[in-house]
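Participant: File model-v3.pdb follows (PDB, C-alpha atoms):
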```pdb
ATOM      1  CA  MET A   1      -0.825   9.843   1.144  1.00  0.00           C
ATOM      2  CA  GLN A   2      -2.630   6.527   0.907  1.00  0.00           C
ATOM      3  CA  TYR A   3      -6.052   6.579  -0.752  1.00  0.00           C
ATOM      4  CA  THR A   4      -8.649   3.807  -0.847  1.00  0.00           C
ATOM      5  CA  LYS A   5     -12.272   3.644  -2.003  1.00  0.00           C
ATOM      6  CA  SER A   6     -14.702   0.945  -0.900  1.00  0.00           C
ATOM      7  CA  LYS A   7     -18.374   0.117  -0.428  1.00  0.00           C
ATOM      8  CA  ASP A   8     -17.495  -1.162   3.047  1.00  0.00           C
ATOM      9  CA  MET A   9     -16.935   1.074   6.062  1.00  0.00           C
ATOM     10  CA  PRO A  10     -13.224   1.177   7.000  1.00  0.00           C
ATOM     11  CA  SER A  11     -12.383  -0.936  10.037  1.00  0.00           C
ATOM     12  CA  ILE A  12     -10.852   2.011  11.891  1.00  0.00           C
ATOM     13  CA  LEU A  13     -14.315   3.604  12.054  1.00  0.00           C
ATOM     14  CA  GLN A  14     -15.733   0.452  13.627  1.00  0.00           C
ATOM     15  CA  ARG A  15     -12.897   0.574  16.135  1.00  0.00           C
ATOM     16  CA  CYS A  16     -13.918   4.118  17.039  1.00  0.00           C
ATOM     17  CA  ALA A  17     -17.558   3.092  17.378  1.00  0.00           C
ATOM     18  CA  ASP A  18     -16.574   0.147  19.593  1.00  0.00           C
ATOM     19  CA  LEU A  19     -14.778   2.610  21.875  1.00  0.00           C
ATOM     20  CA  GLY A  20     -17.979   4.625  22.183  1.00  0.00           C
ATOM     21  CA  TYR A  21     -16.902   7.495  19.956  1.00  0.00           C
ATOM     22  CA  ALA A  22     -19.205   9.213  17.474  1.00  0.00           C
ATOM     23  CA  ILE A  23     -18.709   8.359  13.821  1.00  0.00           C
ATOM     24  CA  PHE A  24     -20.216  10.220  10.898  1.00  0.00           C
ATOM     25  CA  THR A  25     -21.681   7.916   8.290  1.00  0.00           C
ATOM     26  CA  LYS A  26     -24.719   9.479   6.626  1.00  0.00           C
ATOM     27  CA  LYS A  27     -23.782  12.512   4.559  1.00  0.00           C
ATOM     28  CA  ASP A  28     -21.138  13.014   1.881  1.00  0.00           C
ATOM     29  CA  TYR A  29     -18.099  14.958   3.148  1.00  0.00           C
ATOM     30  CA  ASP A  30     -19.026  14.628   6.827  1.00  0.00           C
ATOM     31  CA  LEU A  31     -15.418  14.076   7.864  1.00  0.00           C
ATOM     32  CA  ASN A  32     -14.126  11.519  10.352  1.00  0.00           C
ATOM     33  CA  ILE A  33     -10.676  12.808  11.378  1.00  0.00           C
ATOM     34  CA  ILE A  34      -8.660  10.250  13.332  1.00  0.00           C
ATOM     35  CA  GLY A  35      -5.096  10.320  14.588  1.00  0.00           C
ATOM     36  CA  VAL A  36      -3.248   7.085  15.311  1.00  0.00           C
ATOM     37  CA  ARG A  37      -0.245   7.348  17.623  1.00  0.00           C
ATOM     38  CA  SER A  38       2.465   4.750  17.082  1.00  0.00           C
ATOM     39  CA  PRO A  39       3.820   2.700  20.020  1.00  0.00           C
ATOM     40  CA  ASN A  40       7.176   4.463  19.626  1.00  0.00           C
ATOM     41  CA  ARG A  41       7.550   6.871  22.536  1.00  0.00           C
ATOM     42  CA  ILE A  42      10.821   8.481  21.366  1.00  0.00           C
ATOM     43  CA  ALA A  43      10.043  12.030  20.237  1.00  0.00           C
ATOM     44  CA  GLY A  44      11.264  13.659  17.050  1.00  0.00           C
ATOM     45  CA  LYS A  45       9.894  11.574  14.165  1.00  0.00           C
ATOM     46  CA  PHE A  46       6.852  11.761  11.925  1.00  0.00           C
ATOM     47  CA  ASP A  47       5.908   8.177  12.782  1.00  0.00           C
ATOM     48  CA  ASP A  48       2.168   8.568  13.392  1.00  0.00           C
ATOM     49  CA  GLU A  49      -0.846   8.837  11.088  1.00  0.00           C
ATOM     50  CA  ILE A  50      -3.844  11.052  10.544  1.00  0.00           C
ATOM     51  CA  HIS A  51      -6.805   9.493   8.762  1.00  0.00           C
ATOM     52  CA  CYS A  52      -9.621  11.348   7.007  1.00  0.00           C
ATOM     53  CA  ILE A  53     -12.605   9.132   6.198  1.00  0.00           C
ATOM     54  CA  TYR A  54     -15.783  10.271   4.486  1.00  0.00           C
ATOM     55  CA  LYS A  55     -18.495   9.218   2.060  1.00  0.00           C
ATOM     56  CA  GLU A  56     -18.691  10.303  -1.561  1.00  0.00           C
ATOM     57  CA  ARG A  57     -21.649   9.202  -3.689  1.00  0.00           C
ATOM     58  CA  GLY A  58     -22.306   6.217  -1.471  1.00  0.00           C
ATOM     59  CA  GLU A  59     -18.707   4.994  -1.325  1.00  0.00           C
ATOM     60  CA  TRP A  60     -16.243   5.278   1.524  1.00  0.00           C
ATOM     61  CA  ILE A  61     -13.064   7.250   0.897  1.00  0.00           C
ATOM     62  CA  HIS A  62     -10.187   6.624   3.292  1.00  0.00           C
ATOM     63  CA  GLU A  63      -7.131   8.865   3.135  1.00  0.00           C
ATOM     64  CA  THR A  64      -4.103   8.300   5.381  1.00  0.00           C
ATOM     65  CA  TYR A  65      -1.382  10.898   5.947  1.00  0.00           C
ATOM     66  CA  GLN A  66       2.046  10.695   7.613  1.00  0.00           C
ATOM     67  CA  ALA A  67       2.133  12.921  10.692  1.00  0.00           C
ATOM     68  CA  THR A  68       3.169  13.328  14.295  1.00  0.00           C
ATOM     69  CA  THR A  69       0.758  13.377  17.226  1.00  0.00           C
ATOM     70  CA  ASP A  70       3.558  14.107  19.723  1.00  0.00           C
ATOM     71  CA  PRO A  71       5.560  17.213  20.620  1.00  0.00           C
ATOM     72  CA  SER A  72       9.099  17.494  19.326  1.00  0.00           C
ATOM     73  CA  ALA A  73      12.213  16.293  21.126  1.00  0.00           C
ATOM     74  CA  GLU A  74      13.216  19.934  21.581  1.00  0.00           C
ATOM     75  CA  GLN A  75       9.939  20.661  23.387  1.00  0.00           C
ATOM     76  CA  HIS A  76      10.486  17.629  25.601  1.00  0.00           C
ATOM     77  CA  LEU A  77      13.928  18.877  26.607  1.00  0.00           C
ATOM     78  CA  ASN A  78      12.951  22.528  26.983  1.00  0.00           C
ATOM     79  CA  PRO A  79       9.161  22.878  27.348  1.00  0.00           C
ATOM     80  CA  SER A  80       7.605  26.220  26.455  1.00  0.00           C
ATOM     81  CA  ASN A  81       5.081  25.702  29.275  1.00  0.00           C
ATOM     82  CA  ALA A  82       6.266  25.610  32.889  1.00  0.00           C
ATOM     83  CA  LYS A  83       3.832  22.758  33.603  1.00  0.00           C
ATOM     84  CA  GLY A  84       5.667  20.513  31.142  1.00  0.00           C
ATOM     85  CA  VAL A  85       5.402  19.566  27.496  1.00  0.00           C
ATOM     86  CA  ALA A  86       1.836  18.909  26.278  1.00  0.00           C
ATOM     87  CA  ILE A  87       1.021  15.458  24.866  1.00  0.00           C
ATOM     88  CA  LEU A  88      -2.561  15.154  23.647  1.00  0.00           C
ATOM     89  CA  LYS A  89      -4.461  12.434  25.504  1.00  0.00           C
ATOM     90  CA  ALA A  90      -6.135   9.769  23.389  1.00  0.00           C
ATOM     91  CA  GLY A  91      -9.875  10.294  23.108  1.00  0.00           C
ATOM     92  CA  GLN A  92     -12.476  12.122  21.066  1.00  0.00           C
ATOM     93  CA  TYR A  93     -12.762  15.898  21.019  1.00  0.00           C
ATOM     94  CA  ARG A  94     -16.204  16.709  19.621  1.00  0.00           C
ATOM     95  CA  GLY A  95     -16.634  19.918  17.686  1.00  0.00           C
ATOM     96  CA  VAL A  96     -13.453  21.421  19.122  1.00  0.00           C
ATOM     97  CA  TYR A  97     -11.836  22.470  15.834  1.00  0.00           C
ATOM     98  CA  CYS A  98     -12.621  25.007  13.143  1.00  0.00           C
ATOM     99  CA  LEU A  99     -10.844  26.487  10.150  1.00  0.00           C
ATOM    100  CA  ASP A 100      -8.754  29.455  11.258  1.00  0.00           C
ATOM    101  CA  LEU A 101      -5.261  30.875  10.901  1.00  0.00           C
ATOM    102  CA  HIS A 102      -2.481  28.934  12.622  1.00  0.00           C
ATOM    103  CA  ARG A 103      -0.160  31.516  14.197  1.00  0.00           C
ATOM    104  CA  ASN A 104      -1.828  34.155  11.990  1.00  0.00           C
ATOM    105  CA  SER A 105      -0.071  32.544   9.044  1.00  0.00           C
ATOM    106  CA  TYR A 106      -2.089  29.947   7.113  1.00  0.00           C
ATOM    107  CA  LEU A 107      -5.410  28.124   7.247  1.00  0.00           C
ATOM    108  CA  ALA A 108      -5.449  25.098   9.552  1.00  0.00           C
ATOM    109  CA  LEU A 109      -7.768  23.316  11.967  1.00  0.00           C
ATOM    110  CA  CYS A 110      -7.428  25.265  15.188  1.00  0.00           C
ATOM    111  CA  GLN A 111      -8.631  24.525  18.705  1.00  0.00           C
ATOM    112  CA  ARG A 112     -11.203  27.282  19.062  1.00  0.00           C
ATOM    113  CA  LYS A 113     -14.477  25.625  20.134  1.00  0.00           C
ATOM    114  CA  GLY A 114     -13.684  23.519  23.182  1.00  0.00           C
ATOM    115  CA  GLU A 115     -11.161  22.112  25.605  1.00  0.00           C
ATOM    116  CA  VAL A 116      -8.748  19.232  25.137  1.00  0.00           C
ATOM    117  CA  THR A 117      -6.873  17.134  27.674  1.00  0.00           C
ATOM    118  CA  VAL A 118      -3.098  16.772  27.571  1.00  0.00           C
ATOM    119  CA  TYR A 119      -0.505  14.984  29.636  1.00  0.00           C
ATOM    120  CA  ARG A 120       2.133  17.317  31.116  1.00  0.00           C
ATOM    121  CA  ASP A 121       5.456  15.508  30.794  1.00  0.00           C
ATOM    122  CA  GLN A 122       8.025  17.153  33.078  1.00  0.00           C
ATOM    123  CA  THR A 123      10.845  14.616  32.821  1.00  0.00           C
ATOM    124  CA  ARG A 124      12.805  16.659  30.243  1.00  0.00           C
ATOM    125  CA  ASP A 125      13.967  13.693  28.214  1.00  0.00           C
ATOM    126  CA  LYS A 126      13.074  12.605  24.682  1.00  0.00           C
ATOM    127  CA  ILE A 127      10.490  10.031  25.793  1.00  0.00           C
ATOM    128  CA  SER A 128       6.776  10.868  25.677  1.00  0.00           C
ATOM    129  CA  ASP A 129       5.339   9.863  29.034  1.00  0.00           C
ATOM    130  CA  ILE A 130       1.598   9.239  28.917  1.00  0.00           C
ATOM    131  CA  GLY A 131      -0.720   7.749  31.484  1.00  0.00           C
ATOM    132  CA  GLY A 132       0.470   6.424  34.814  1.00  0.00           C
ATOM    133  CA  ASP A 133       1.603   9.177  37.159  1.00  0.00           C
ATOM    134  CA  THR A 134       1.841  11.815  34.420  1.00  0.00           C
ATOM    135  CA  LYS A 135      -0.437  14.721  35.328  1.00  0.00           C
ATOM    136  CA  GLU A 136      -3.350  15.653  33.096  1.00  0.00           C
ATOM    137  CA  ASP A 137      -4.310  19.208  32.177  1.00  0.00           C
ATOM    138  CA  THR A 138      -7.528  20.275  30.446  1.00  0.00           C
ATOM    139  CA  GLY A 139      -8.122  23.584  28.698  1.00  0.00           C
ATOM    140  CA  TYR A 140      -7.465  25.725  25.649  1.00  0.00           C
ATOM    141  CA  PHE A 141      -3.828  25.126  24.700  1.00  0.00           C
ATOM    142  CA  GLY A 142      -3.756  25.776  20.946  1.00  0.00           C
ATOM    143  CA  ILE A 143      -3.413  22.079  20.114  1.00  0.00           C
ATOM    144  CA  ASN A 144      -3.946  22.688  16.414  1.00  0.00           C
ATOM    145  CA  ILE A 145      -3.882  20.399  13.382  1.00  0.00           C
ATOM    146  CA  HIS A 146      -1.421  21.941  10.950  1.00  0.00           C
ATOM    147  CA  ARG A 147       1.577  21.165   8.726  1.00  0.00           C
ATOM    148  CA  ALA A 148       5.324  21.189   8.772  1.00  0.00           C
ATOM    149  CA  ALA A 149       7.049  23.163   6.047  1.00  0.00           C
ATOM    150  CA  SER A 150       9.350  22.143   3.239  1.00  0.00           C
ATOM    151  CA  ALA A 151      13.010  22.906   3.785  1.00  0.00           C
ATOM    152  CA  GLN A 152      14.553  25.669   1.718  1.00  0.00           C
ATOM    153  CA  ASN A 153      15.990  23.176  -0.735  1.00  0.00           C
ATOM    154  CA  GLY A 154      12.525  21.706  -1.315  1.00  0.00           C
ATOM    155  CA  SER A 155      12.992  18.576   0.774  1.00  0.00           C
ATOM    156  CA  LEU A 156      10.521  17.556   3.444  1.00  0.00           C
ATOM    157  CA  ALA A 157      11.102  18.025   7.148  1.00  0.00           C
ATOM    158  CA  ILE A 158      12.705  14.931   8.669  1.00  0.00           C
ATOM    159  CA  SER A 159      12.413  16.047  12.286  1.00  0.00           C
ATOM    160  CA  THR A 160       9.435  17.399  14.194  1.00  0.00           C
ATOM    161  CA  ARG A 161      11.706  20.180  15.503  1.00  0.00           C
ATOM    162  CA  TYR A 162      10.009  23.607  15.546  1.00  0.00           C
ATOM    163  CA  TYR A 163       6.693  22.159  14.386  1.00  0.00           C
ATOM    164  CA  SER A 164       4.981  20.756  17.466  1.00  0.00           C
ATOM    165  CA  ALA A 165       4.588  21.779  21.080  1.00  0.00           C
ATOM    166  CA  GLY A 166       1.670  19.336  21.254  1.00  0.00           C
ATOM    167  CA  CYS A 167      -0.017  19.966  17.900  1.00  0.00           C
ATOM    168  CA  GLN A 168      -0.953  17.277  15.385  1.00  0.00           C
ATOM    169  CA  VAL A 169       1.299  17.910  12.396  1.00  0.00           C
ATOM    170  CA  PHE A 170       1.320  16.697   8.775  1.00  0.00           C
ATOM    171  CA  VAL A 171       4.800  16.186   7.323  1.00  0.00           C
ATOM    172  CA  HIS A 172       3.750  16.674   3.671  1.00  0.00           C
ATOM    173  CA  PRO A 173       2.431  20.170   2.850  1.00  0.00           C
ATOM    174  CA  ALA A 174       0.639  18.740  -0.219  1.00  0.00           C
ATOM    175  CA  ASP A 175      -1.206  16.208   1.954  1.00  0.00           C
ATOM    176  CA  PHE A 176      -2.186  18.998   4.298  1.00  0.00           C
ATOM    177  CA  ALA A 177      -3.479  21.131   1.419  1.00  0.00           C
ATOM    178  CA  ARG A 178      -5.633  18.199   0.326  1.00  0.00           C
ATOM    179  CA  PHE A 179      -6.912  17.758   3.891  1.00  0.00           C
ATOM    180  CA  ILE A 180      -7.832  21.441   4.245  1.00  0.00           C
ATOM    181  CA  ALA A 181      -9.648  21.283   0.889  1.00  0.00           C
ATOM    182  CA  LEU A 182     -11.744  18.425   2.297  1.00  0.00           C
ATOM    183  CA  CYS A 183     -12.521  20.488   5.393  1.00  0.00           C
ATOM    184  CA  GLU A 184     -13.675  23.319   3.130  1.00  0.00           C
ATOM    185  CA  MET A 185     -15.842  20.825   1.220  1.00  0.00           C
ATOM    186  CA  GLN A 186     -17.560  19.820   4.473  1.00  0.00           C
ATOM    187  CA  VAL A 187     -18.316  23.462   5.205  1.00  0.00           C
ATOM    188  CA  GLY A 188     -19.454  24.045   1.629  1.00  0.00           C
ATOM    189  CA  ALA A 189     -21.770  21.038   1.796  1.00  0.00           C
ATOM    190  CA  GLY A 190     -23.619  22.700   4.669  1.00  0.00           C
ATOM    191  CA  ILE A 191     -22.743  19.990   7.185  1.00  0.00           C
ATOM    192  CA  GLY A 192     -21.121  22.351   9.653  1.00  0.00           C
ATOM    193  CA  ASP A 193     -18.051  24.467  10.246  1.00  0.00           C
ATOM    194  CA  THR A 194     -16.751  22.624  13.302  1.00  0.00           C
ATOM    195  CA  PHE A 195     -14.726  19.425  13.273  1.00  0.00           C
ATOM    196  CA  SER A 196     -14.190  16.576  15.714  1.00  0.00           C
ATOM    197  CA  TYR A 197     -10.857  14.865  16.218  1.00  0.00           C
ATOM    198  CA  THR A 198     -10.346  11.380  17.603  1.00  0.00           C
ATOM    199  CA  LEU A 199      -6.903  10.216  18.738  1.00  0.00           C
ATOM    200  CA  LEU A 200      -6.191   6.491  19.121  1.00  0.00           C
ATOM    201  CA  GLU A 201      -3.197   4.716  20.601  1.00  0.00           C
ATOM    202  CA  ASP A 202      -1.894   2.042  18.228  1.00  0.00           C
TER     203      ASP A 202
END
```
How does the structure come out when it is put into structure tokens?
Facilitator:
Amino acid sequence: MQYTKSKDMPSILQRCADLGYAIFTKKDYDLNIIGVRSPNRIAGKFDDEIHCIYKERGEWIHETYQATTDPSAEQHLNPSNAKGVAILKAGQYRGVYCLDLHRNSYLALCQRKGEVTVYRDQTRDKISDIGGDTKEDTGYFGINIHRAASAQNGSLAISTRYYSAGCQVFVHPADFARFIALCEMQVGAGIGDTFSYTLLED
């Protein structure tokens, strides 16, 4: 995790505002959750980022976590959905997420409060095809924000295998625990129990 504190608003929030997306700037712990997808279109690596930006006592806190915003190579080759593997479309999804159990297992941000739009890649290769002629699909698909798990020997996952069929996935369980604690702080501060997610293409 990267952590910075500043009096100045992080530039990534201005980028979101310039794109016409809502940003949350007034109250402490009103979270701005932003994914940044790398230009690499080869599936299977944790080569993207999730940012959590919020105010605390008048200062901006900016935390950056290593993640994937793409489905795994295995899902590309053998999609679990007949329409094709789901790749979340860049954009802002307002109030779509809330704290709930991911696969009835552990607390995560789950798509419970609204629809998202995905690309359905049907090429069955390891390349994430987005835009162009790739068909879009909008609905409730369980595109959650969750974590990978540590391997049995205590090492971190090095492949997105098993962890994403379109979800946004943290590689470090400790980073994810920190992120969920921040989500609980937003709820505890009385700001609201739903969360928006903005995905940018780098």
Participant: Kindly provide the residues of stretch 14-126 of chain A that approach stretch 136-146 of chain A to within 8 Å, each paired with its closest atom pair and their distance in Å to one decimal, based on all atoms listed in the file, listed by chain and increasing number, as CSV.
Facilitator:
```
residue,atom,partner,partner_atom,distance
A:Leu88,CA,A:Ile143,CA,7.8
A:Tyr97,CA,A:Asn144,CA,7.9
A:His102,CA,A:His146,CA,7.3
A:Ala108,CA,A:His146,CA,5.3
A:Leu109,CA,A:Ile145,CA,5.1
A:Cys110,CA,A:Asn144,CA,4.5
A:Gln111,CA,A:Gly142,CA,5.5
A:Arg112,CA,A:Tyr140,CA,7.7
A:Gly114,CA,A:Tyr140,CA,7.0
A:Glu115,CA,A:Gly139,CA,4.6
A:Val116,CA,A:Thr138,CA,5.5
A:Thr117,CA,A:Thr138,CA,4.2
A:Val118,CA,A:Asp137,CA,5.3
A:Tyr119,CA,A:Glu136,CA,4.5
A:Arg120,CA,A:Glu136,CA,6.1
```
Participant: Selection in question (the file shown): the PyMOL selection byres ((chain A and resi 194) around 12). Which residues does it include, as a PyMOL selection string?
Facilitator: chain A and resi 30-33+93-100+109-114+183-184+186-187+190-193+195-197
Participant: Evaluate the PyMOL selection byres ((chain A and resi 71) around 6) here and jot the selected residues down as a PyMOL selection string.
Facilitator: chain A and resi 70+72+164-166
Participant: Grab the atom CA of A:Tyr162 to atom CA of A:Asn81 distance for me, in Å with one decimal place.
Facilitator: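 Between atom CA of A:Tyr162 and atom CA of A:Asn81 the gap works out to 14.7 Å.
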Participant: Between A:Phe24, A:Asp121, A:Ile130, A:His172, which is the closest to A:Ala82 once you count all atoms listed in the file?
Facilitator: A:Asp121
Participant: Just so the selection is clear, what residues does the PyMOL selection byres ((chain A and resi 159) around 9) cover here, as a PDB file with C-alpha atoms, keeping the file's coordinate frame?
Facilitator:
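Result file follows (part24.pdb):
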```pdb
ATOM      1  CA  GLY A  44      11.264  13.659  17.050  1.00  0.00           C
ATOM      2  CA  LYS A  45       9.894  11.574  14.165  1.00  0.00           C
ATOM      3  CA  PHE A  46       6.852  11.761  11.925  1.00  0.00           C
ATOM      4  CA  SER A  72       9.099  17.494  19.326  1.00  0.00           C
ATOM      5  CA  ALA A  73      12.213  16.293  21.126  1.00  0.00           C
ATOM      6  CA  ALA A 157      11.102  18.025   7.148  1.00  0.00           C
ATOM      7  CA  ILE A 158      12.705  14.931   8.669  1.00  0.00           C
ATOM      8  CA  THR A 160       9.435  17.399  14.194  1.00  0.00           C
ATOM      9  CA  ARG A 161      11.706  20.180  15.503  1.00  0.00           C
ATOM     10  CA  TYR A 162      10.009  23.607  15.546  1.00  0.00           C
ATOM     11  CA  TYR A 163       6.693  22.159  14.386  1.00  0.00           C
TER      12      TYR A 163
END
```
Participant: Using only C-alpha atoms, find the one residue out of A:Ser80, A:Ser6, A:Gln92, A:Gln75 that sits nearest to A:Leu200.
Facilitator: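 Once distances to A:Leu200 are computed over only C-alpha atoms, the minimum belongs to A:Gln92.
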